[in-house]
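Quick look at input.tsv (TSV, C-alpha atoms):
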chain	number	residue	atom	x	y	z
A	502	MET	CA	-40.26	196.83	28.21
A	503	THR	CA	-36.96	197.54	29.97
A	504	GLU	CA	-36.09	200.71	31.81
A	505	LEU	CA	-33.52	201.60	29.12
A	506	GLY	CA	-36.08	201.09	26.36
A	507	ASN	CA	-38.71	203.08	28.21
A	508	ARG	CA	-36.31	205.99	28.76
A	509	LEU	CA	-35.35	206.08	25.08
A	510	LYS	CA	-38.99	205.89	24.00
A	511	GLU	CA	-40.00	208.77	26.31
A	512	ALA	CA	-37.10	210.89	25.01
A	513	ARG	CA	-38.18	210.18	21.44
A	514	LYS	CA	-41.78	211.14	22.08
A	515	ALA	CA	-40.69	214.24	23.98
A	516	LYS	CA	-38.93	215.43	20.84
A	517	GLY	CA	-41.93	214.51	18.67
A	518	ILE	CA	-39.99	211.94	16.65
A	519	SER	CA	-41.77	208.90	15.26
A	520	LEU	CA	-40.12	205.54	14.65
A	521	GLU	CA	-40.20	206.25	10.90
A	522	ASP	CA	-38.43	209.56	11.45
A	523	LEU	CA	-35.89	207.90	13.72
A	524	GLN	CA	-35.31	205.23	11.10
A	525	ASN	CA	-34.48	207.93	8.54
A	526	ILE	CA	-32.19	209.71	11.00
A	527	THR	CA	-30.23	206.69	12.26
A	528	LYS	CA	-30.55	204.46	9.13
A	529	ILE	CA	-31.51	201.64	11.53
A	530	GLN	CA	-34.48	199.48	10.54
A	531	LYS	CA	-37.71	200.24	12.34
A	532	ARG	CA	-38.03	196.70	13.75
A	533	TYR	CA	-34.65	197.04	15.45
A	534	LEU	CA	-35.60	200.41	16.95
A	535	LYS	CA	-38.82	198.89	18.24
A	536	GLY	CA	-36.84	195.93	19.61
A	537	ILE	CA	-34.64	198.35	21.58
A	538	GLU	CA	-37.67	200.04	23.11
A	539	GLU	CA	-39.22	196.67	24.03
A	540	GLY	CA	-35.91	195.18	25.23
A	541	ASN	CA	-36.16	192.45	22.56
A	542	TYR	CA	-32.46	192.15	21.74
A	543	ASP	CA	-32.76	188.62	20.35
A	544	SER	CA	-34.19	189.99	17.08
A	545	MET	CA	-30.92	191.82	16.38
A	546	PRO	CA	-27.81	190.41	14.63
A	547	GLY	CA	-25.75	190.30	17.84
A	548	ALA	CA	-24.57	192.00	21.01
A	549	PHE	CA	-22.21	194.30	19.16
A	550	TYR	CA	-25.04	195.69	17.03
A	551	VAL	CA	-27.34	196.00	20.06
A	552	ARG	CA	-24.89	198.38	21.73
A	553	ALA	CA	-24.24	200.26	18.48
A	554	PHE	CA	-27.96	200.70	17.75
A	555	ILE	CA	-28.68	201.87	21.32
A	556	LYS	CA	-25.86	204.39	21.06
A	557	GLN	CA	-27.21	205.80	17.77
A	558	TYR	CA	-30.76	205.88	19.14
A	559	ALA	CA	-29.61	207.79	22.25
A	560	GLU	CA	-27.63	210.35	20.27
A	561	ALA	CA	-30.58	210.92	17.93
A	562	VAL	CA	-32.91	211.80	20.86
A	563	GLY	CA	-30.33	213.92	22.72
A	564	ILE	CA	-29.14	211.47	25.42
A	565	ASP	CA	-25.48	210.90	26.29
A	566	ALA	CA	-24.92	207.43	24.87
A	567	ASN	CA	-21.88	206.54	26.99
A	568	GLU	CA	-23.56	207.48	30.24
A	569	LEU	CA	-26.69	205.59	29.20
A	570	LEU	CA	-24.76	202.41	28.41
A	571	GLU	CA	-22.83	202.70	31.67
A	572	GLU	CA	-26.00	203.23	33.67
A	573	TYR	CA	-27.83	200.27	32.15
A	574	LYS	CA	-24.84	198.04	31.50
A	575	THR	CA	-26.55	195.16	33.28
A	576	GLU	CA	-29.43	195.26	30.80
A	577	VAL	CA	-27.33	195.69	27.64
A	578	PRO	CA	-25.60	192.56	26.28
A	579	ASN	CA	-21.80	192.60	26.63
A	580	ALA	CA	-20.28	192.60	23.15
A	581	ALA	CA	-17.06	190.61	23.45
A	582	VAL	CA	-14.39	191.39	20.88
A	583	GLU	CA	-14.36	187.75	19.79
A	584	GLU	CA	-18.02	187.92	18.82
A	585	ILE	CA	-17.56	190.65	16.24
A	586	PRO	CA	-16.05	188.56	13.43
A	587	GLU	CA	-18.69	185.87	13.92
A	588	GLN	CA	-21.53	188.40	13.76
A	589	MET	CA	-20.03	189.90	10.61
A	590	LYS	CA	-20.01	186.43	9.05
A	591	GLN	CA	-23.68	185.91	9.97
A	592	ILE	CA	-24.68	189.23	8.41
A	593	SER	CA	-22.67	188.54	5.26
A	594	ARG	CA	-24.36	185.13	4.89
A	595	ALA	CA	-27.78	186.73	5.37
A	596	GLN	CA	-27.18	189.47	2.75
A	597	PRO	CA	-27.58	188.99	-1.03
A	598	TYR	CA	-24.56	188.08	-3.11
A	599	HIS	CA	-24.04	191.57	-4.54
A	600	HIS	CA	-23.90	193.03	-1.01
A	601	ARG	CA	-21.41	190.43	0.16
A	602	SER	CA	-19.12	191.27	-2.69
A	603	ALA	CA	-18.32	194.64	-1.08
A	604	ALA	CA	-15.61	193.21	1.19
A	605	PRO	CA	-13.78	191.33	-1.60
A	606	ARG	CA	-13.94	194.49	-3.71
A	607	SER	CA	-12.29	196.51	-0.96
A	608	THR	CA	-9.65	193.80	-0.68
A	609	GLN	CA	-9.17	193.88	-4.44
A	610	ARG	CA	-8.82	197.66	-4.32
A	611	SER	CA	-6.15	197.40	-1.62
A	612	VAL	CA	-4.29	194.78	-3.65
A	613	HIS	CA	-4.67	196.93	-6.74
A	614	LYS	CA	-3.28	199.94	-4.88
A	615	SER	CA	-0.26	197.93	-3.76
A	616	VAL	CA	0.39	196.63	-7.28
A	617	ALA	CA	-0.44	199.85	-9.14
A	618	PRO	CA	2.69	201.83	-8.08
A	619	ASN	CA	5.01	199.07	-9.30
A	620	THR	CA	3.11	198.82	-12.58
A	621	THR	CA	3.26	202.58	-13.01
A	622	LYS	CA	7.01	202.59	-12.41
A	623	VAL	CA	7.51	199.87	-15.02
A	624	MET	CA	5.36	201.73	-17.55
A	625	ASN	CA	7.35	204.92	-16.94
A	626	ILE	CA	10.71	203.17	-17.34
A	627	LEU	CA	9.75	201.00	-20.35
A	628	PRO	CA	9.75	203.80	-23.01
A	629	LYS	CA	13.19	204.97	-21.84
A	630	VAL	CA	14.55	201.43	-22.09
A	631	ILE	CA	13.13	201.07	-25.61
A	632	ILE	CA	14.66	204.40	-26.70
A	633	VAL	CA	18.09	203.43	-25.31
A	634	ALA	CA	17.88	200.05	-27.06
A	635	ILE	CA	17.04	201.74	-30.39
A	636	ILE	CA	19.97	204.17	-30.01
A	637	VAL	CA	22.37	201.32	-29.23
A	638	LEU	CA	21.09	199.38	-32.26
A	639	VAL	CA	21.54	202.38	-34.59
A	640	LEU	CA	25.08	203.00	-33.30
A	641	PHE	CA	25.91	199.32	-33.82
A	642	LEU	CA	24.64	199.42	-37.41
A	643	ILE	CA	26.68	202.55	-38.12
A	644	TRP	CA	29.80	200.96	-36.65
A	645	PHE	CA	29.21	197.77	-38.63
A	646	ALA	CA	28.80	199.73	-41.90
A	647	ILE	CA	31.99	201.74	-41.27
A	648	ALA	CA	33.93	198.59	-40.37
A	649	THR	CA	32.70	196.84	-43.52
A	650	LEU	CA	33.69	199.76	-45.76
A	651	ALA	CA	37.07	200.06	-44.08
A	652	GLY	CA	37.70	196.34	-44.52
A	653	LYS	CA	36.76	196.50	-48.19
A	654	HIS	CA	39.06	199.50	-48.73
A	655	ASN	CA	41.94	197.71	-47.04
A	656	THR	CA	41.33	194.63	-49.20
A	657	ASP	CA	41.34	196.69	-52.41
A	658	LYS	CA	44.50	198.49	-51.33
A	659	LEU	CA	46.20	195.18	-50.56
A	660	ASN	CA	45.21	193.74	-53.92
A	661	SER	CA	46.54	196.86	-55.66
A	662	GLN	CA	49.85	196.59	-53.84
A	663	GLN	CA	50.16	192.94	-54.74
A	664	SER	CA	49.44	193.76	-58.41
A	665	ASP	CA	52.13	196.47	-58.40
A	666	ASN	CA	54.62	194.06	-56.87
A	667	VAL	CA	53.86	191.51	-59.58
A	668	ASN	CA	54.39	194.12	-62.29
A	669	ILE	CA	57.61	195.27	-60.68
A	670	GLN	CA	58.84	191.69	-60.44
A	671	GLU	CA	57.91	190.88	-64.04
A	672	SER	CA	59.40	194.03	-65.67
A	673	PRO	CA	63.12	192.94	-65.44
A	674	LYS	CA	62.23	189.68	-67.12
A	675	VAL	CA	60.46	191.51	-69.90
A	676	LYS	CA	63.44	193.81	-70.35
A	677	SER	CA	65.84	190.90	-70.47
A	678	ASN	CA	63.68	189.13	-73.05
A	679	ASN	CA	63.60	192.25	-75.18
A	680	ALA	CA	67.40	192.60	-74.94
A	681	VAL	CA	67.89	189.01	-76.06
A	682	GLN	CA	65.55	189.53	-78.99
A	683	ASP	CA	67.45	192.68	-80.00
A	684	LYS	CA	70.76	190.82	-79.86
A	685	ASN	CA	69.42	187.98	-81.96
A	686	LYS	CA	68.04	190.43	-84.48
A	687	ALA	CA	71.40	192.23	-84.64
A	688	LYS	CA	73.18	188.95	-85.20
A	689	GLU	CA	70.77	188.02	-87.97
A	690	GLU	CA	71.33	191.38	-89.62
A	691	LYS	CA	75.14	190.89	-89.45
A	692	ILE	CA	74.82	187.46	-90.96
A	693	VAL	CA	72.66	188.82	-93.77
A	694	LYS	CA	75.13	191.60	-94.45
A	695	HIS	CA	78.01	189.16	-94.37
A	696	GLN	CA	76.30	186.90	-96.91
A	697	GLN	CA	75.61	189.86	-99.18
A	698	LEU	CA	79.31	190.82	-99.07
A	699	LEU	CA	80.31	187.28	-99.95
A	700	ARG	CA	77.99	187.28	-102.93
A	701	LYS	CA	79.38	190.57	-104.21
A	702	THR	CA	82.94	189.32	-103.80
A	703	LYS	CA	82.19	186.22	-105.86
A	704	ARG	CA	80.79	188.32	-108.68
A	705	TYR	CA	83.95	190.37	-108.99
A	706	GLU	CA	86.09	187.32	-109.14
For this file, produce the structure as structure tokens.
Amino acid sequence: MTELGNRLKEARKAKGISLEDLQNITKIQKRYLKGIEEGNYDSMPGAFYVRAFIKQYAEAVGIDANELLEEYKTEVPNAAVEEIPEQMKQISRAQPYHHRSAAPRSTQRSVHKSVAPNTTKVMNILPKVIIVAIIVLVLFLIWFAIATLAGKHNTDKLNSQQSDNVNIQESPKVKSNNAVQDKNKAKEEKIVKHQQLLRKTKRYE
């Protein structure tokens, strides 16, 4: 047992705290707490967790954790920053699949959060775009109907004007034909009258 472990153990017993109680307080497994008291740091995931567990243990029994780590820094493994990712990988490999999925889920949530605002903006704008498109379509249909009716009216008016022009052009010809017929009829009547006079004259002779 190391001096650090012995000091922590005495502080725990002085407060009347068992290892089971300490496990409930710190949420650290009992075997790790016992390893700290015995100085058996090899049973723990890594140097980073050794320091973290010691700090939690000390705070739970009323000891200043920073002063404790500084005082016994030669006994406590030095957790280099480079070791942290490797230890996290070891723990993730040792945990069941459903526990390891926590990190990807957090990543997925962050990706979802970054995508969600854009999606929300699109969903908010989409109804407005659809409404504007419908209004434009209705206006186009109204314009097309008016243009079609106007074109048909202009066509009928043009046909009517052309028909009137044809009638106007044909009327002098009709009048001239009627005049000729009247003249011919008058001539025929004169001839008939002249023949009747000749017949009467012959009778008197």
Test item: which residues lie within 7 Å of (-26.5, 203.6, 23.4) counting only C-alpha atoms, as a short mmCIF file (atom, residue, chain, number, x, y, z; two decimals) with C-alpha atoms, in the coordinates of the input:
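selection-v5.cif was written with the following content:
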data_model
loop_
_atom_site.label_atom_id
_atom_site.label_comp_id
_atom_site.auth_asym_id
_atom_site.auth_seq_id
_atom_site.Cartn_x
_atom_site.Cartn_y
_atom_site.Cartn_z
CA ARG A 552 -24.89 198.38 21.73
CA ALA A 553 -24.24 200.26 18.48
CA PHE A 554 -27.96 200.70 17.75
CA ILE A 555 -28.68 201.87 21.32
CA LYS A 556 -25.86 204.39 21.06
CA GLN A 557 -27.21 205.80 17.77
CA TYR A 558 -30.76 205.88 19.14
CA ALA A 559 -29.61 207.79 22.25
CA ALA A 566 -24.92 207.43 24.87
CA ASN A 567 -21.88 206.54 26.99
CA LEU A 569 -26.69 205.59 29.20
CA LEU A 570 -24.76 202.41 28.41
#
To one decimal place, how far is CA of Leu520 (chain A) from CA of Leu534 (chain A) in Å? 7.2 Å
Long-range neighbours of Glu572 (chain A) as a ChimeraX atom specification, 12 Å cut-off, all atoms listed in the file, 5 positions minimum in chain: /A:504-505,508,565-567,577
Would you place a box with edges along x, y and z of the file around all atoms of region 531-544 of chain A listed there, add 8 Å to each of its six sides, and report the centre and edge lengths in Å to one decimal, as JSON?
{"center_x": -35.8, "center_y": 194.5, "center_z": 18.8, "size_x": 22.8, "size_y": 27.8, "size_z": 28.9}
If I take CA of Gly563 (chain A) and CA of Gly506 (chain A), how far is one from the other in Å, to one decimal? 14.5 Å
Fewer than 3 positions away in the same chain doesn't count, so skip those; otherwise give me all residues within 7 Å of region 544-547 of chain A, counting all atoms listed in the file, as a ChimeraX atom specification. /A:533,536,541,550-551,588
Please measure the separation of CA of Gln682 (chain A) and CA of Lys701 (chain A), giving the value in Å to one decimal.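 Straight-line distance from CA of Gln682 (chain A) to CA of Lys701 (chain A) works out to 28.8 Å.
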Counting only C-alpha atoms, which residue out of A:Ile631, A:Leu642, A:Val681, A:Met502 sits closest to Tyr542 (chain A)?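 Of the candidates, the smallest distance to Tyr542 (chain A) is held by A:Met502.
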Protein, DNA and RNA residues within 12 Å of (-35.8, 211.4, 19.2), all atoms listed in the file, as a list in words: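 Residues close enough to count: Arg508, Leu509, Lys510, Glu511, Ala512, Arg513, Lys514, Ala515, Lys516, Gly517, Ile518, Ser519, Leu520, Glu521, Asp522, Leu523, Gln524, Asn525, Ile526, Thr527, Leu534, Gln557, Tyr558, Ala559, Glu560, Ala561, Val562, Gly563 and Ile564 of chain A.
Distance annotation: of A:Leu699, A:Ala646, A:Ala548, A:Glu539, the residue with the minimal separation from Asn579 (chain A) is A:Ala548; atom set is all atoms listed in the file.
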